[in-house]
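Quick notes on the structure that follows.
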Amino acid sequence: MRLTNRIIIVGFGSIAQALLPLLVENYNAEIIIFDKEADKPRQDIAKEFFATLNRKFITSDNFSDILSPLLNNNSFLLNLAVSVSSIALIDLAQRYNTLYLDTCIEPWEYSNQTNDNFISNHYLRESLKTYAQAPTGTTTALVAHGANPGFISILLKKALLEMASINGIHDRPTIQSEWAGLAEKLGLQVIQISERDTQVTSKTREAHDFICTWSVDGLITECLQPAELGWGSHEEEVPHGAKINGHSLELVEQGLEVKVKSWSPNYLEFSAFLFTHNESLSIAEYLSIGPLSAPTYRPTVYYAYHPCDQAVDSMQLLSNGNDNPIKSKEVLKDNIVSGIDELGIFLISRKYKSFWLGSNLSIGKARKMAKYNSATSLQVVSSLIAGMKWTEQHPESGVLESESLDWQYIYDFAESYWQPIVRQETDWRPNSSDDTLSFQNFRVLS
């Protein structure tokens with residue numbers, strides 16, 4: 001087991017700020033932060049938790065010179081910035097035997113200069129898988145481990161077991177093939193990562209402001225990336241213009257252009273955006289049986305997200321396909337007055353009632369649990385700390401995703417931060433006149 005005495009954080013946006021209270025609670029370590037901004041609010045938060053904030057923009061030209069002197073086998077490197085390459089930082093961390101974690105697989109640049117399109121998550125994930133297969137260091141680098149992606153893959157395994165128990169199936173999977181076999185036995189054809197954020201603020205949004213409850217730059221990126229999903233073996237009709245990439249499907253539209261129907265215990269049926277996310281691809285691959293290009297079984301998996309209403313209003317500024325109309329950006333936090341972030345895994349079966357398992361965390365409880373947090377951020381940072389703890393206990397596991405972790409350990413650590421955790425069966429279907437569970441029946445055509 002590793003003993004961490006220095007934590008280096010790249011990026012000091014809302015998630016990193018929300019992480020500090022939990023870091024100090026769980027670690028007696030030096031905390032060093034790098035960010036391109038060091039305004040007074042950031043300085044005050046860093047000072048409150050005895051962290052050192054450096055105003056330095058980490059780039060492909062300077063990352064090695066800046067970070068290398070801080071890395072050793074008692075350091076932990078956290079990449080919490082947008083557009084700071086995961087592969088570059090993992091490679092550097094492994095050279096110095098330093099543990100690593102990020103919440104999203106990042107490139108240096110999302111914009112593809114050759115065709116003016118944003119890089120897909122399929123490309124980013126496959127690039128990282130190729131890197132991981134090369135003869136590199138074995139020091140653990142846990143990638144894409146926040147709330148979703150991340151803890152949602154832990155909830156997936158718990159949900160599979162609970163749904164199985166309800167229906168008289170008592171399998172206890174331990175390896176990938178057994179988890180995929182259980183999903184097939186349950187008749188799962190669609191798995192949604194279902195999220196409805198109802199947090200509201202007392203602030204009025206100005207016409208050219210972009211506001212949301214986590215990362216503005218992160219949400220903008222997901223809006224402009226191509227919409228992607230894990231593509232099920234039962235699907236018969238490929239949407240017009242879409243491209244099959246092995247176990248995933250890349251739509252011709254950007255994320256903000258694709259809406260789907262989803263459901264949650266509190267909000268019931270709602271319309272959501274289909275944003276590309278790493279877990280849509282990793283879960284689909286993990287639950288595949290047979291060759292990835294021609295599986296005998298694989299569910300369709302995608303992220304169905306309705307951000308807070310003011311974020312949805314802000315997204316109209318991206319209607320021309322870029323962020324040029326945006327004049328200012330703000331993450332809602334202290335001025336949130338009410339609401340919850342309902343986030344869960346939604347298992348939709350052709351054989352049994354569908355099953356939803358997830359968090360119904362309110363802004364009030366989140367603030368009581370940890371300072372500088374919203375319901376959205378606490379779900380992320382609690383999973384992040386759990387991932388760090390697991391990584392310290394398994395320091396020579398190489399590059400891996402959340403599906404490879406001990407799900408029970410991660411769940412037990414983060415559960416109290418996600419409570420109340422709601423579980424519910426439902427007969428809900430996206431189309432009452434057509435019981436088939438093909439993607440075309442979930443999609444909302446505008």
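In the structure tokens, the first chain shown is A, the next is B, and so on; residue numbers restart at 1 for each chain, and ligands run from 1 in the order shown.
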Tell me which protein, DNA and RNA residues are within 10 Å of segment 242-259 of chain A, counting only C-alpha atoms, leaving out same-chain ones fewer than 4 positions away, and put them as a ChimeraX atom specification. /A:117-118,120-123,219-233,238,271-276,280-282,284-286,288,291-295,298-302,304-306,312,315-316,318-319,321,442-446
Counting only C-alpha atoms, what is within 10 Å of Phe413 of chain A, bar same-chain residues fewer than 6 positions away, as a list in words?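 Contacts, with the query itself left out: Ser382, Ser383, Ile385, Ala386, Gly387, Lys389 and Trp390 of chain A.
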Selected residue of minimal separation from Glu235 of chain A among A:Trp428, A:Lys368, A:Thr436, A:Ser328, counting only C-alpha atoms: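 When distances to Glu235 of chain A are compared using only C-alpha atoms, the smallest one comes from A:Thr436.
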Rank nothing, just name the residue among A:Asp341, A:Glu206, A:Glu392, A:Glu269 nearest to Leu317 of chain A, using only C-alpha atoms. A:Glu206
Go through segment 92-156 of chain A and flag each residue having an atom no more than 12 Å from segment 56-60 of chain A; for those, report the closest pair of atoms plus their distance in Å to one decimal, using only C-alpha atoms, ordered by chain and rising number, as CSV.
residue,atom,partner,partner_atom,distance
A:Leu92,CA,A:Ser60,CA,11.8
A:Pro107,CA,A:Ser60,CA,10.1
A:Trp108,CA,A:Ser60,CA,7.0
A:Glu109,CA,A:Ser60,CA,10.0
Using only C-alpha atoms, which residue out of A:Gln440, A:Ser433, A:Asn74, A:Thr103 lies closest to Ala16 of chain A?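 Comparing A:Gln440, A:Ser433, A:Asn74, A:Thr103 against Ala16 of chain A, the winner is A:Thr103.
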Report the residues of segment 225-354 of chain A whose backbone DSSP state falls under strand (DSSP E or B), written as a VMD selection string. chain A and resid 226 to 230 243 to 245 248 to 254 259 to 264 268 to 275 289 297 300 to 306 328 to 331 336 to 338 340 to 349 354
Pick out the residues sitting within 9 Å of segment 161-177 of chain A, and hand them over as an mmCIF file with N, CA, C and O atoms, in the first residue's frame; count only C-alpha atoms, and ignore anything fewer than 3 positions along from it in its own chain.
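part-v1.cif was written with the following content:
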data_model
loop_
_atom_site.group_PDB
_atom_site.id
_atom_site.type_symbol
_atom_site.label_atom_id
_atom_site.label_comp_id
_atom_site.auth_asym_id
_atom_site.auth_seq_id
_atom_site.Cartn_x
_atom_site.Cartn_y
_atom_site.Cartn_z
ATOM 1 N N LEU A 156 -23.776 0.234 -11.477
ATOM 2 C CA LEU A 156 -24.225 -0.762 -12.450
ATOM 3 C C LEU A 156 -24.167 -2.169 -11.853
ATOM 4 O O LEU A 156 -25.137 -2.935 -11.940
ATOM 5 N N LYS A 157 -23.039 -2.523 -11.240
ATOM 6 C CA LYS A 157 -22.890 -3.876 -10.709
ATOM 7 C C LYS A 157 -23.846 -4.118 -9.539
ATOM 8 O O LYS A 157 -24.451 -5.194 -9.435
ATOM 9 N N LYS A 158 -24.001 -3.127 -8.685
ATOM 10 C CA LYS A 158 -24.961 -3.284 -7.582
ATOM 11 C C LYS A 158 -26.380 -3.418 -8.128
ATOM 12 O O LYS A 158 -27.163 -4.248 -7.641
ATOM 13 N N ALA A 180 -21.369 -9.886 -17.829
ATOM 14 C CA ALA A 180 -22.058 -9.806 -19.117
ATOM 15 C C ALA A 180 -23.125 -10.891 -19.216
ATOM 16 O O ALA A 180 -24.227 -10.656 -19.731
ATOM 17 N N GLY A 181 -22.809 -12.086 -18.730
ATOM 18 C CA GLY A 181 -23.786 -13.167 -18.748
ATOM 19 C C GLY A 181 -25.008 -12.861 -17.903
ATOM 20 O O GLY A 181 -26.139 -13.197 -18.282
ATOM 21 N N LEU A 182 -24.812 -12.203 -16.756
ATOM 22 C CA LEU A 182 -25.946 -11.823 -15.921
ATOM 23 C C LEU A 182 -26.810 -10.781 -16.624
ATOM 24 O O LEU A 182 -28.048 -10.855 -16.583
ATOM 25 N N ALA A 183 -26.186 -9.804 -17.270
ATOM 26 C CA ALA A 183 -26.955 -8.790 -18.009
ATOM 27 C C ALA A 183 -27.803 -9.447 -19.094
ATOM 28 O O ALA A 183 -28.970 -9.085 -19.296
ATOM 29 N N LYS A 185 -28.861 -12.609 -19.076
ATOM 30 C CA LYS A 185 -29.890 -13.406 -18.410
ATOM 31 C C LYS A 185 -31.054 -12.520 -17.961
ATOM 32 O O LYS A 185 -32.222 -12.948 -17.971
ATOM 33 N N LEU A 186 -30.767 -11.292 -17.589
ATOM 34 C CA LEU A 186 -31.812 -10.344 -17.177
ATOM 35 C C LEU A 186 -32.565 -9.740 -18.365
ATOM 36 O O LEU A 186 -33.524 -8.989 -18.171
ATOM 37 N N TYR A 286 -17.770 -3.717 -21.713
ATOM 38 C CA TYR A 286 -17.646 -4.631 -20.577
ATOM 39 C C TYR A 286 -18.747 -5.693 -20.588
ATOM 40 O O TYR A 286 -18.521 -6.843 -20.179
ATOM 41 N N LEU A 287 -19.941 -5.324 -21.041
ATOM 42 C CA LEU A 287 -21.072 -6.253 -21.024
ATOM 43 C C LEU A 287 -21.258 -6.981 -22.354
ATOM 44 O O LEU A 287 -22.307 -7.603 -22.585
ATOM 45 N N SER A 288 -20.264 -6.943 -23.220
ATOM 46 C CA SER A 288 -20.343 -7.647 -24.507
ATOM 47 C C SER A 288 -19.979 -9.117 -24.345
ATOM 48 O O SER A 288 -19.077 -9.470 -23.582
ATOM 49 N N ILE A 289 -20.684 -9.943 -25.088
ATOM 50 C CA ILE A 289 -20.365 -11.365 -25.177
ATOM 51 C C ILE A 289 -20.010 -11.672 -26.628
ATOM 52 O O ILE A 289 -20.787 -11.369 -27.536
ATOM 53 N N LEU A 347 -31.763 0.243 -15.833
ATOM 54 C CA LEU A 347 -31.686 -1.016 -16.556
ATOM 55 C C LEU A 347 -33.050 -1.326 -17.169
ATOM 56 O O LEU A 347 -34.036 -1.487 -16.435
ATOM 57 N N TYR A 352 -38.191 -8.455 -17.875
ATOM 58 C CA TYR A 352 -38.638 -8.091 -16.530
ATOM 59 C C TYR A 352 -38.952 -6.603 -16.457
ATOM 60 O O TYR A 352 -38.674 -5.836 -17.381
ATOM 61 N N LYS A 353 -39.522 -6.200 -15.317
ATOM 62 C CA LYS A 353 -39.685 -4.774 -15.077
ATOM 63 C C LYS A 353 -38.316 -4.096 -15.100
ATOM 64 O O LYS A 353 -37.314 -4.684 -14.717
ATOM 65 N N SER A 354 -38.294 -2.861 -15.551
ATOM 66 C CA SER A 354 -37.042 -2.110 -15.559
ATOM 67 C C SER A 354 -36.681 -1.703 -14.128
ATOM 68 O O SER A 354 -37.541 -1.674 -13.235
ATOM 69 N N PHE A 355 -35.393 -1.360 -13.927
ATOM 70 C CA PHE A 355 -34.896 -1.116 -12.572
ATOM 71 C C PHE A 355 -33.980 0.094 -12.569
ATOM 72 O O PHE A 355 -33.048 0.184 -13.366
ATOM 73 N N GLU A 403 -14.695 -0.093 -14.268
ATOM 74 C CA GLU A 403 -15.245 -1.452 -14.299
ATOM 75 C C GLU A 403 -14.281 -2.476 -13.703
ATOM 76 O O GLU A 403 -14.708 -3.572 -13.314
ATOM 77 N N SER A 404 -12.995 -2.145 -13.638
ATOM 78 C CA SER A 404 -11.989 -3.080 -13.127
ATOM 79 C C SER A 404 -11.808 -3.018 -11.615
ATOM 80 O O SER A 404 -11.053 -3.808 -11.057
ATOM 81 N N ARG A 423 -33.955 2.924 -5.083
ATOM 82 C CA ARG A 423 -34.084 1.783 -5.989
ATOM 83 C C ARG A 423 -35.563 1.616 -6.302
ATOM 84 O O ARG A 423 -36.409 1.669 -5.400
ATOM 85 N N GLU A 425 -38.460 -0.364 -9.221
ATOM 86 C CA GLU A 425 -38.887 -1.035 -10.442
ATOM 87 C C GLU A 425 -39.938 -0.177 -11.152
ATOM 88 O O GLU A 425 -40.654 0.598 -10.508
#
Kindly indicate which residue among A:Pro265, A:Lys333, A:Asn324, A:Tyr303 lies nearest to Gln424 of chain A, using only C-alpha atoms for the distances. A:Pro265
Which residues of segment 42-148 of chain A come within 12 Å of segment 26-29 of chain A, and what is each one's closest atom pair and distance in Å (one decimal), counting only C-alpha atoms, sorted by chain and residue number, as CSV?
residue,atom,partner,partner_atom,distance
A:Phe49,CA,A:Ala29,CA,11.0
A:Phe50,CA,A:Ala29,CA,9.9
A:Ala51,CA,A:Ala29,CA,9.5
A:Thr52,CA,A:Ala29,CA,11.7
A:Asn74,CA,A:Ala29,CA,9.8
A:Ser75,CA,A:Ala29,CA,9.2
A:Phe76,CA,A:Ala29,CA,9.9
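Considering the residues A:Leu22, A:Leu332, A:Cys104, A:Leu160 and counting only C-alpha atoms, Val143 of chain A has its shortest atom-to-atom contact with A:Cys104.
Checking A:Asp309, A:Asp35, A:Glu48, A:Glu30 one by one against Phe12 of chain A, counting only C-alpha atoms, you find the shortest gap at A:Asp35.
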Need to verify the contact set: Ile9 of chain A, 8 Å, only C-alpha atoms, exclusion of same-chain residues closer than 2 positions in sequence. Can you return it as a VMD selection string? chain A and resid 7 11 to 12 16 31 to 34 77 to 80
Find the distance between atom CA of Ala311 of chain A and atom CA of Tyr372 of chain A and write it in Å to one decimal.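 Taking atom CA of Ala311 of chain A and atom CA of Tyr372 of chain A, their separation equals 19.6 Å.
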Which residues are near Lys371 of chain A? Cut-off 8 Å, only C-alpha atoms, ignore same chain within fewer than 2 positions. Put them as a PyMOL selection string. chain A and resi 18+21+367-369+373
Grab the residues selected above and save them as an mmCIF file, in the first residue's frame with all heavy atoms.
data_model
loop_
_atom_site.group_PDB
_atom_site.id
_atom_site.type_symbol
_atom_site.label_atom_id
_atom_site.label_comp_id
_atom_site.auth_asym_id
_atom_site.auth_seq_id
_atom_site.Cartn_x
_atom_site.Cartn_y
_atom_site.Cartn_z
ATOM 1 N N ALA A 18 -14.364 21.776 -4.842
ATOM 2 C CA ALA A 18 -15.240 20.948 -4.010
ATOM 3 C C ALA A 18 -14.496 19.765 -3.407
ATOM 4 O O ALA A 18 -14.892 19.246 -2.356
ATOM 5 C CB ALA A 18 -16.420 20.451 -4.849
ATOM 6 N N PRO A 21 -12.227 20.007 0.640
ATOM 7 C CA PRO A 21 -12.672 19.616 1.988
ATOM 8 C C PRO A 21 -12.544 18.117 2.239
ATOM 9 O O PRO A 21 -12.161 17.702 3.341
ATOM 10 C CB PRO A 21 -14.141 20.064 2.011
ATOM 11 C CG PRO A 21 -14.233 21.148 0.997
ATOM 12 C CD PRO A 21 -13.275 20.761 -0.083
ATOM 13 N N ARG A 367 -24.445 20.445 1.042
ATOM 14 C CA ARG A 367 -23.758 21.516 1.782
ATOM 15 C C ARG A 367 -23.462 21.108 3.219
ATOM 16 O O ARG A 367 -22.422 21.494 3.773
ATOM 17 C CB ARG A 367 -24.626 22.780 1.761
ATOM 18 C CG ARG A 367 -24.577 23.513 0.420
ATOM 19 C CD ARG A 367 -25.497 24.697 0.412
ATOM 20 N NE ARG A 367 -25.338 25.486 -0.815
ATOM 21 C CZ ARG A 367 -26.290 26.216 -1.353
ATOM 22 N NH1 ARG A 367 -27.487 26.265 -0.774
ATOM 23 N NH2 ARG A 367 -26.071 26.898 -2.460
ATOM 24 N N LYS A 368 -24.347 20.320 3.816
ATOM 25 C CA LYS A 368 -24.091 19.844 5.183
ATOM 26 C C LYS A 368 -22.931 18.855 5.209
ATOM 27 O O LYS A 368 -22.181 18.783 6.189
ATOM 28 C CB LYS A 368 -25.351 19.193 5.757
ATOM 29 C CG LYS A 368 -26.455 20.179 6.108
ATOM 30 C CD LYS A 368 -27.659 19.451 6.705
ATOM 31 C CE LYS A 368 -28.766 20.435 7.063
ATOM 32 N NZ LYS A 368 -29.953 19.733 7.614
ATOM 33 N N MET A 369 -22.780 18.092 4.132
ATOM 34 C CA MET A 369 -21.739 17.064 4.083
ATOM 35 C C MET A 369 -20.361 17.653 3.825
ATOM 36 O O MET A 369 -19.368 17.189 4.393
ATOM 37 C CB MET A 369 -22.067 16.042 2.992
ATOM 38 C CG MET A 369 -23.323 15.222 3.258
ATOM 39 S SD MET A 369 -23.067 13.938 4.488
ATOM 40 C CE MET A 369 -22.114 12.759 3.563
ATOM 41 N N ASN A 373 -19.626 22.606 -1.915
ATOM 42 C CA ASN A 373 -20.183 21.577 -2.774
ATOM 43 C C ASN A 373 -21.633 21.862 -3.124
ATOM 44 O O ASN A 373 -22.377 22.462 -2.351
ATOM 45 C CB ASN A 373 -20.092 20.208 -2.096
ATOM 46 C CG ASN A 373 -18.801 19.493 -2.412
ATOM 47 O OD1 ASN A 373 -18.705 18.768 -3.398
ATOM 48 N ND2 ASN A 373 -17.779 19.725 -1.588
#
Near Ala147 of chain A, counting only C-alpha atoms, which residues have an atom at most 12 Å away, once you skip same-chain residues fewer than 4 positions from it, shown as number ranges by chain? A: 15, 102-104, 151-155, 193, 195, 214, 277-279, 341-345, 358-359, 375-387, 402, 410-411, 414-415, 417-418
Atom CA of Ser416 of chain A to atom CA of Thr213 of chain A, straight-line distance in Å: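 Atom-to-atom, atom CA of Thr213 of chain A to atom CA of Ser416 of chain A, that is 21.0 Å.
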Just asking: which residues within segment 147-370 of chain A are helix (DSSP H, G or I) according to DSSP, as a VMD selection string? chain A and resid 151 to 166 176 to 185 216 to 224 255 to 257 278 to 286 309 to 318 363 to 369
Enter the distance from atom CA of Val399 of chain A to atom CA of Ala141 of chain A, in Å, rounded to one decimal. 4.7 Å
